[in-house]
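J.: Quick one: structure below, then a few questions.
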Amino acid sequence: MDITKISIKRPVAIMMVMFIIIILGAVSITKMEMELTPETEMSMVMIMTTYEDAGPEEVENLVTEKIESAVANVENVESISSTSSEGSSMVSIEFNYGTNLDTAITDLRDKLSMVEATLPDGCDSPNIMKMDMNSMPIATIVVSGEDMTSDELKSFAEDDIEPHLERQEGVASVDIMGGTEQEILIEIDPERLEGLGLTMTSIGQILSAENSNQSGGSISYGEKSMTISTKLQMESIEDVKNTPIQIANGTVMRLGDIATVTETQKEVTSISRYNGESCVTLSVTQSSDGNTVTAVNNILDEVEKLNAEYPDMTIEVVSESGSTIEDSVMNVVSNIFTGAILSILVMFVFLKNVGLTGVIAVSMPISIIGTFVFLYFSGTTLNMISLGGLSVGVGMRVDNSVVMLENIYRYRTSLGYGKVKGTYRAGREVRSSLIASTLTTIVVFIPFVFVSGMMMQMMTDLALAIVFSLAMSLISAMTVVPMLAGNYVNNVHRNKAPKKLDFINKMLNMFDIGMKKLSTLYGRFLKWAVWHKKRTLSCVMLVFIASLCMLPSVGMELMPSSDEGTFSVTVKAPKGSNLDTVDALSLQVEEILEQIPEMVSISVTISGSSGSIMGSSEESSISCVLVDKNERDRSTDEIVEEVRNSVKNIAGAEISVSSSSSMGSMMGGSVSVEIYGDDMDKLQEISDQIASQMEQIEGVRQVSSSLEDQDTEVALQIDKERARQYGLTGSDIASQARNTVSGFTATTLKANGTEMDIRIVFPDESMSTLSDINDLSIMTGDGKVIPLSSVAEITMENVPSSISRDDQSRYVTISCDVYGRDSGSIGNDIQAIIDQMTIPDGYSVKLGGTNEMMNDTFSSLGLVIVLAIVLVYMVMAAQFESFVNPFIINVYHSFGIYRGNFPAVHYRRTSEHDGVDWLSGASRYRCKQWYCVD
């Protein structure tokens, strides 16, 4: 079938096909979902286990190590890492790429069921969660009201806003921060409790039993059977006070007679502010199968309806990911069409013929729109990667049409053929060259099948976009271009602009004069090069070697960062600081941030310690939004650096400032070093040594170690032998001590559509010193009460706030932010420091995080580039039936790659996309070189 002949003879049929492509493409674009990056599936599962009030070392020994040992033998496990912190264990399991996670999770459940019985009392059952990059916060909403108290505001958010948001498509959950809640507090004097022969646990059991409806069996009533229900559920605080309590001598007393029962505000553990005003903050998380843009648009519509329904309330979306994605995608789309228009203008400058330029102007949009049809049916989304492939392919699309059009021009001018015959002969002559050059580009992407993991998922969209766009450009060049040129372009010679636009003719004449001079100069240079082969080759090799020498100077990044106009500030107060202390430090930072002229909004979330002498974490997280980058003179990084310098003198706080980037955060962000070993003191010594040297590296900011966060804990060294004499186990003692010190929620009061926790505690003053803990009452196995000091020694210890493990070995992380340099160069400087150190036996140090992922990615891309060059040579050799001509083209292309180091060194930066761009650029050389050789 002669497709060129059919295209020329049946223009109406070709036009109808064009319109079909345009219609399908337009529909495909409207149906395709927008995402920042391609959909990726992480082969990772997390196991979360809660063990309340246990220290990091206890969590590690009693929970984490048992879970790690249980899951280590599951098939296809690539690595196991864990973090043990106060009250929780998190074990992350990474599986080999391609593993069926549903089957793997089933295997994990079977393994965990075997060790669950060995976990300590008070430890919750392990919870398995599949990691998903889509399951992350996509919107932050603040709620405020002038005439509402903080607990009323939180109730409003829980009852009236949260349900509306959770019903939206693409929303998984809504987390609420800030505000207060009410509870019923039962304070019992410990001495009086001991005198009555009671314990907190026994009172909690009575309350729980008295606050539940119980079944009373069933009776026959006529021909019906009816159940009997005993109504015991409490409905008010008076019911709680009137709860009967039987003491040791058999007397029954009201709970209100032996304890103080009050309805009070729960202890405030968090504060939310927006632009200095108190509020409640709602964080909306996307579902794993949801689309960010769709979900955010649904949220914005629902918030608009809520504002109309509650005019006295202020409900505002302060940050969301949807607009960032839409802006990024539309910016790339705009660049694609801008590039296409510029390509058409350049073609007009060379062709100086409206008809021939119009052929390009028609064929290019058809190939672009047609590409969206293929992308839609392949399941690809509109994202930065796929659209990046389209933008790279804009120039490639012109190449095929230019080769076809140039040959048509030659036949109809130099060779003197007519409109139809010249177009047909020209199209038939270059047809094989166009197919061959397109195939050599497509074959470049075959090596991507050897890349696995997230890299494969990310680059698949780019490869598909380029391959589909090239296929459409080939189809367009072989059908649309001959059809238009052979039927509608009567004049292929230069068109003259009218007298009113004579300046255009003069500019084109000047361009022609310049091109002739350049052609003459090139001819002389070519003649010299041909007659001086050795000198020419020597110059080329000199440039090649110089480029190779410059390669180490080219910076590296995993993903290029973008200026999204957002940054975050974290304010950490000293351990044990209460909420007021953290709030005061945060207000100092907020005052500095308010002075920044580019600032739009400041959102603050503060957490503090619970006030217990056991301690807990405390910090303030501040999210800042700047005006659009087109409306400011400074970049986000420059503003971040100014804030760092401004807040470093605030005493009593550890403050870190970091810019936010969707692409950067997805791939890690900061540079980190991982130190492996078992002894925490030795790990501390090595980490201090590395951290002090990292601070001297240019461009390094905010060096921090995971061992810097130390908690002071009260350690109970239980005497197991004495505990056994009293009929107690270590778990019994720990459970009673935890309930006594921290109190516990016995049950919940449900009335009038609201719920309030009923919590039993000792008065604060009864547990304020170590002496009070020594005298803490412990009930023995035979019902007697003894002080805690009889079975345990109480000491104060400094322990890390968390303990990290990888493949069942402890490790410490040192991380830093980067300013003014690329992360690859800083990683090389840190590696040089590590290489000069003497690491003790049994310990190891390596770069982790972004640098580790970057090294793996660039290694994979290096293999892809080598295989691509080999495959391209093989395809060309098979089609040329020559070993020499393809070798000439490939050698020239290799020199072109390394000469690209000169501009790269100028910008001092490259990323994984540049490797793909090199591959894509190769085809543009080959398309022209192929035609020359042919």
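Residue numbering restarts at 1 in every chain; chains get A, B, ... in the order shown in the structure tokens, and ligands count up from 1 in that same order.
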Range 279-285 of chain A: which residues within 9 Å, counting only C-alpha atoms, same-chain residues fewer than 5 positions away excluded, as an MDAnalysis selection string?
T.: chainID A and resid 134:145 150 153:154 157 162 165:166 170:179 271:274 299 603 605
J.: Please produce an output containing C-alpha atoms for each residue in the selection, written as a short mmCIF file (atom, residue, chain, number, x, y, z; two decimals), in the first residue's frame.
T.:
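Heads up, here's the output in selection_33.cif:
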data_model
loop_
_atom_site.label_atom_id
_atom_site.label_comp_id
_atom_site.auth_asym_id
_atom_site.auth_seq_id
_atom_site.Cartn_x
_atom_site.Cartn_y
_atom_site.Cartn_z
CA ASN A 134 -1.08 9.67 47.08
CA SER A 135 -2.25 9.27 50.68
CA MET A 136 -0.96 12.59 51.90
CA PRO A 137 -2.47 15.93 52.99
CA ILE A 138 -3.77 17.87 50.01
CA ALA A 139 -5.53 20.78 51.72
CA THR A 140 -5.40 22.71 54.99
CA ILE A 141 -8.54 24.50 56.20
CA VAL A 142 -8.84 26.92 59.13
CA VAL A 143 -12.09 27.57 61.00
CA SER A 144 -12.72 30.51 63.31
CA GLY A 145 -15.69 32.28 64.87
CA SER A 150 -12.49 26.97 71.74
CA LEU A 153 -15.30 25.72 67.78
CA LYS A 154 -13.78 22.25 67.82
CA ALA A 157 -15.46 21.45 63.16
CA GLU A 162 -15.55 17.12 59.01
CA LEU A 165 -15.39 17.01 53.76
CA GLU A 166 -15.06 13.27 54.26
CA GLY A 170 -10.99 11.53 46.64
CA VAL A 171 -10.89 12.37 50.38
CA ALA A 172 -9.73 9.65 52.76
CA SER A 173 -9.74 11.37 56.16
CA VAL A 174 -9.76 14.71 57.96
CA ASP A 175 -7.53 15.43 60.98
CA ILE A 176 -8.44 18.24 63.39
CA MET A 177 -5.89 20.25 65.37
CA GLY A 178 -6.40 23.01 67.89
CA GLY A 179 -9.43 23.81 70.01
CA ILE A 271 -2.73 25.35 69.56
CA SER A 272 -3.62 26.48 66.04
CA ARG A 273 -3.30 30.02 64.69
CA TYR A 274 -3.79 31.59 61.30
CA ILE A 299 -13.18 20.57 48.73
CA SER A 603 -0.33 28.99 59.71
CA THR A 605 0.31 24.39 64.86
#
J.: Can you tell me, as a list of chain:residue names, what residues are no more than 12 Å from Asp107 in chain A when counting only C-alpha atoms, ignoring any on the same chain fewer than 6 positions away?
T.: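 After dropping sequence-adjacent residues, the list is A:Val45, A:Ala70, A:Val71, A:Ala72, A:Asn73, A:Val74, A:Glu75, A:Asn76, A:Val77, A:Asn100, A:Leu101, A:Ser113, A:Met114, A:Ile128.
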J.: I need the chosen residues saved as an mmCIF file, in the first residue's frame, with all heavy atoms.
T.:
data_model
loop_
_atom_site.group_PDB
_atom_site.id
_atom_site.type_symbol
_atom_site.label_atom_id
_atom_site.label_comp_id
_atom_site.auth_asym_id
_atom_site.auth_seq_id
_atom_site.Cartn_x
_atom_site.Cartn_y
_atom_site.Cartn_z
ATOM 1 N N VAL A 45 5.445 -1.501 52.980
ATOM 2 C CA VAL A 45 4.376 -1.685 53.963
ATOM 3 C C VAL A 45 4.898 -1.235 55.319
ATOM 4 O O VAL A 45 6.071 -1.450 55.652
ATOM 5 C CB VAL A 45 3.933 -3.162 54.018
ATOM 6 C CG1 VAL A 45 2.957 -3.396 55.155
ATOM 7 C CG2 VAL A 45 3.301 -3.575 52.699
ATOM 8 N N ALA A 70 9.908 -11.599 63.280
ATOM 9 C CA ALA A 70 8.776 -12.361 62.740
ATOM 10 C C ALA A 70 8.624 -12.168 61.240
ATOM 11 O O ALA A 70 8.299 -13.116 60.507
ATOM 12 C CB ALA A 70 7.495 -11.951 63.462
ATOM 13 N N VAL A 71 8.851 -10.946 60.755
ATOM 14 C CA VAL A 71 8.584 -10.663 59.337
ATOM 15 C C VAL A 71 9.816 -10.839 58.456
ATOM 16 O O VAL A 71 9.710 -10.737 57.231
ATOM 17 C CB VAL A 71 8.039 -9.233 59.165
ATOM 18 C CG1 VAL A 71 6.778 -9.036 59.993
ATOM 19 C CG2 VAL A 71 9.089 -8.177 59.553
ATOM 20 N N ALA A 72 10.978 -11.122 59.056
ATOM 21 C CA ALA A 72 12.214 -11.209 58.269
ATOM 22 C C ALA A 72 12.178 -12.344 57.257
ATOM 23 O O ALA A 72 12.851 -12.279 56.221
ATOM 24 C CB ALA A 72 13.417 -11.381 59.205
ATOM 25 N N ASN A 73 11.400 -13.389 57.535
ATOM 26 C CA ASN A 73 11.379 -14.555 56.648
ATOM 27 C C ASN A 73 10.270 -14.518 55.605
ATOM 28 O O ASN A 73 10.075 -15.491 54.880
ATOM 29 C CB ASN A 73 11.243 -15.833 57.492
ATOM 30 C CG ASN A 73 12.431 -16.039 58.411
ATOM 31 O OD1 ASN A 73 13.562 -15.742 58.035
ATOM 32 N ND2 ASN A 73 12.180 -16.548 59.612
ATOM 33 N N VAL A 74 9.528 -13.405 55.536
ATOM 34 C CA VAL A 74 8.493 -13.286 54.507
ATOM 35 C C VAL A 74 9.164 -13.178 53.139
ATOM 36 O O VAL A 74 10.203 -12.527 52.985
ATOM 37 C CB VAL A 74 7.603 -12.049 54.781
ATOM 38 C CG1 VAL A 74 6.617 -11.827 53.641
ATOM 39 C CG2 VAL A 74 6.860 -12.223 56.091
ATOM 40 N N GLU A 75 8.584 -13.814 52.141
ATOM 41 C CA GLU A 75 9.172 -13.830 50.805
ATOM 42 C C GLU A 75 9.216 -12.422 50.191
ATOM 43 O O GLU A 75 8.360 -11.590 50.444
ATOM 44 C CB GLU A 75 8.378 -14.754 49.879
ATOM 45 C CG GLU A 75 8.519 -16.227 50.219
ATOM 46 C CD GLU A 75 7.815 -17.106 49.199
ATOM 47 O OE1 GLU A 75 7.292 -16.565 48.205
ATOM 48 O OE2 GLU A 75 7.793 -18.318 49.391
ATOM 49 N N ASN A 76 10.264 -12.217 49.370
ATOM 50 C CA ASN A 76 10.435 -10.992 48.570
ATOM 51 C C ASN A 76 10.712 -9.746 49.402
ATOM 52 O O ASN A 76 10.570 -8.629 48.898
ATOM 53 C CB ASN A 76 9.214 -10.741 47.679
ATOM 54 C CG ASN A 76 9.004 -11.826 46.651
ATOM 55 O OD1 ASN A 76 9.942 -12.301 46.036
ATOM 56 N ND2 ASN A 76 7.753 -12.250 46.483
ATOM 57 N N VAL A 77 11.112 -9.917 50.668
ATOM 58 C CA VAL A 77 11.478 -8.752 51.484
ATOM 59 C C VAL A 77 12.878 -8.290 51.074
ATOM 60 O O VAL A 77 13.833 -9.059 51.084
ATOM 61 C CB VAL A 77 11.449 -9.085 52.981
ATOM 62 C CG1 VAL A 77 12.052 -7.941 53.785
ATOM 63 C CG2 VAL A 77 10.029 -9.342 53.435
ATOM 64 N N ASN A 100 3.393 -8.649 44.685
ATOM 65 C CA ASN A 100 1.972 -8.439 44.946
ATOM 66 C C ASN A 100 1.802 -8.094 46.428
ATOM 67 O O ASN A 100 1.941 -8.960 47.302
ATOM 68 C CB ASN A 100 1.181 -9.705 44.593
ATOM 69 C CG ASN A 100 -0.322 -9.490 44.683
ATOM 70 O OD1 ASN A 100 -0.815 -8.859 45.617
ATOM 71 N ND2 ASN A 100 -1.048 -10.009 43.724
ATOM 72 N N LEU A 101 1.507 -6.819 46.715
ATOM 73 C CA LEU A 101 1.455 -6.368 48.104
ATOM 74 C C LEU A 101 0.286 -6.986 48.870
ATOM 75 O O LEU A 101 0.383 -7.189 50.084
ATOM 76 C CB LEU A 101 1.368 -4.846 48.168
ATOM 77 C CG LEU A 101 2.653 -4.081 47.819
ATOM 78 C CD1 LEU A 101 2.473 -2.599 48.085
ATOM 79 C CD2 LEU A 101 3.846 -4.603 48.600
ATOM 80 N N SER A 113 0.558 -12.762 63.731
ATOM 81 C CA SER A 113 -0.353 -13.479 64.633
ATOM 82 C C SER A 113 0.406 -14.452 65.522
ATOM 83 O O SER A 113 -0.044 -14.777 66.626
ATOM 84 C CB SER A 113 -1.419 -14.212 63.824
ATOM 85 O OG SER A 113 -0.831 -15.210 63.005
ATOM 86 N N MET A 114 1.558 -14.919 65.061
ATOM 87 C CA MET A 114 2.345 -15.870 65.840
ATOM 88 C C MET A 114 3.099 -15.206 66.989
ATOM 89 O O MET A 114 3.451 -15.858 67.974
ATOM 90 C CB MET A 114 3.336 -16.591 64.918
ATOM 91 C CG MET A 114 2.653 -17.413 63.814
ATOM 92 S SD MET A 114 3.782 -17.984 62.531
ATOM 93 C CE MET A 114 4.950 -18.934 63.481
ATOM 94 N N ILE A 128 -1.194 -2.983 60.128
ATOM 95 C CA ILE A 128 -0.461 -3.011 58.857
ATOM 96 C C ILE A 128 -1.056 -1.976 57.911
ATOM 97 O O ILE A 128 -2.264 -1.935 57.709
ATOM 98 C CB ILE A 128 -0.516 -4.408 58.215
ATOM 99 C CG1 ILE A 128 0.060 -5.460 59.172
ATOM 100 C CG2 ILE A 128 0.242 -4.427 56.892
ATOM 101 C CD1 ILE A 128 -0.048 -6.878 58.657
#
J.: Got a sec: who's within 7 Å of range 838-844 of chain A, counting only C-alpha atoms, leaving out chain neighbours fewer than 2 positions off, as an MDAnalysis selection string?
T.: chainID A and resid 675:677 836 846
J.: I need the chosen residues saved as a PDB file, in the first residue's frame, with all heavy atoms.
T.:
ATOM      1  N   ILE A 675      24.860   6.297  60.029  1.00  0.00           N
ATOM      2  CA  ILE A 675      25.936   5.639  60.773  1.00  0.00           C
ATOM      3  C   ILE A 675      25.353   4.399  61.440  1.00  0.00           C
ATOM      4  O   ILE A 675      24.378   4.495  62.190  1.00  0.00           O
ATOM      5  CB  ILE A 675      26.527   6.583  61.836  1.00  0.00           C
ATOM      6  CG1 ILE A 675      26.895   7.932  61.211  1.00  0.00           C
ATOM      7  CG2 ILE A 675      27.740   5.948  62.509  1.00  0.00           C
ATOM      8  CD1 ILE A 675      27.220   9.004  62.219  1.00  0.00           C
ATOM      9  N   TYR A 676      25.944   3.245  61.171  1.00  0.00           N
ATOM     10  CA  TYR A 676      25.413   1.969  61.668  1.00  0.00           C
ATOM     11  C   TYR A 676      26.301   1.398  62.767  1.00  0.00           C
ATOM     12  O   TYR A 676      27.527   1.464  62.686  1.00  0.00           O
ATOM     13  CB  TYR A 676      25.302   0.956  60.523  1.00  0.00           C
ATOM     14  CG  TYR A 676      24.257   1.310  59.498  1.00  0.00           C
ATOM     15  CD1 TYR A 676      24.526   2.235  58.483  1.00  0.00           C
ATOM     16  CD2 TYR A 676      22.988   0.742  59.540  1.00  0.00           C
ATOM     17  CE1 TYR A 676      23.567   2.575  57.549  1.00  0.00           C
ATOM     18  CE2 TYR A 676      22.028   1.081  58.613  1.00  0.00           C
ATOM     19  CZ  TYR A 676      22.318   1.991  57.616  1.00  0.00           C
ATOM     20  OH  TYR A 676      21.361   2.321  56.701  1.00  0.00           O
ATOM     21  N   GLY A 677      25.669   0.855  63.795  1.00  0.00           N
ATOM     22  CA  GLY A 677      26.369   0.220  64.907  1.00  0.00           C
ATOM     23  C   GLY A 677      25.396  -0.090  66.021  1.00  0.00           C
ATOM     24  O   GLY A 677      24.213   0.241  65.940  1.00  0.00           O
ATOM     25  N   GLN A 836      38.135   9.970  54.920  1.00  0.00           N
ATOM     26  CA  GLN A 836      39.323  10.312  55.702  1.00  0.00           C
ATOM     27  C   GLN A 836      39.229   9.840  57.153  1.00  0.00           C
ATOM     28  O   GLN A 836      40.227   9.843  57.865  1.00  0.00           O
ATOM     29  CB  GLN A 836      39.529  11.823  55.675  1.00  0.00           C
ATOM     30  CG  GLN A 836      39.875  12.370  54.297  1.00  0.00           C
ATOM     31  CD  GLN A 836      39.929  13.888  54.280  1.00  0.00           C
ATOM     32  OE1 GLN A 836      39.728  14.542  55.305  1.00  0.00           O
ATOM     33  NE2 GLN A 836      40.205  14.456  53.106  1.00  0.00           N
ATOM     34  N   LYS A 846      27.643   5.705  55.650  1.00  0.00           N
ATOM     35  CA  LYS A 846      27.366   5.863  54.223  1.00  0.00           C
ATOM     36  C   LYS A 846      26.411   7.042  54.012  1.00  0.00           C
ATOM     37  O   LYS A 846      25.693   7.464  54.926  1.00  0.00           O
ATOM     38  CB  LYS A 846      26.755   4.586  53.646  1.00  0.00           C
ATOM     39  CG  LYS A 846      25.338   4.318  54.112  1.00  0.00           C
ATOM     40  CD  LYS A 846      24.702   3.177  53.327  1.00  0.00           C
ATOM     41  CE  LYS A 846      23.228   3.021  53.688  1.00  0.00           C
ATOM     42  NZ  LYS A 846      22.557   1.984  52.895  1.00  0.00           N
TER      43      LYS A 846
END
J.: Have a look at CA of Glu52 in chain A and CA of Arg724 in chain A and let me know their distance in Å, one decimal.
T.: 24.2 Å
J.: Please provide the set of residues having any atom within 12 Å of Ile3 in chain A, restricted to only C-alpha atoms, with same-chain residues fewer than 2 positions apart removed, written as a list in words.
T.: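 The filter keeps Met1, Lys5, Ile6, Ser7, Ile8, Lys9, Arg10, Pro11, Ile14, Tyr424, Gly427, Arg428, Arg431, Leu474, Ile475, Ser476, Ala477, Met478, Thr479, Val480, Val481, Pro482 and Met483 of chain A.
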J.: Kindly indicate which residue among A:Gln588, A:Ser386, A:Asn487, A:Ser85 lies nearest to Gly422 in chain A, using only C-alpha atoms for the distances.
T.: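 When distances to Gly422 in chain A are compared using only C-alpha atoms, the smallest one comes from A:Asn487.
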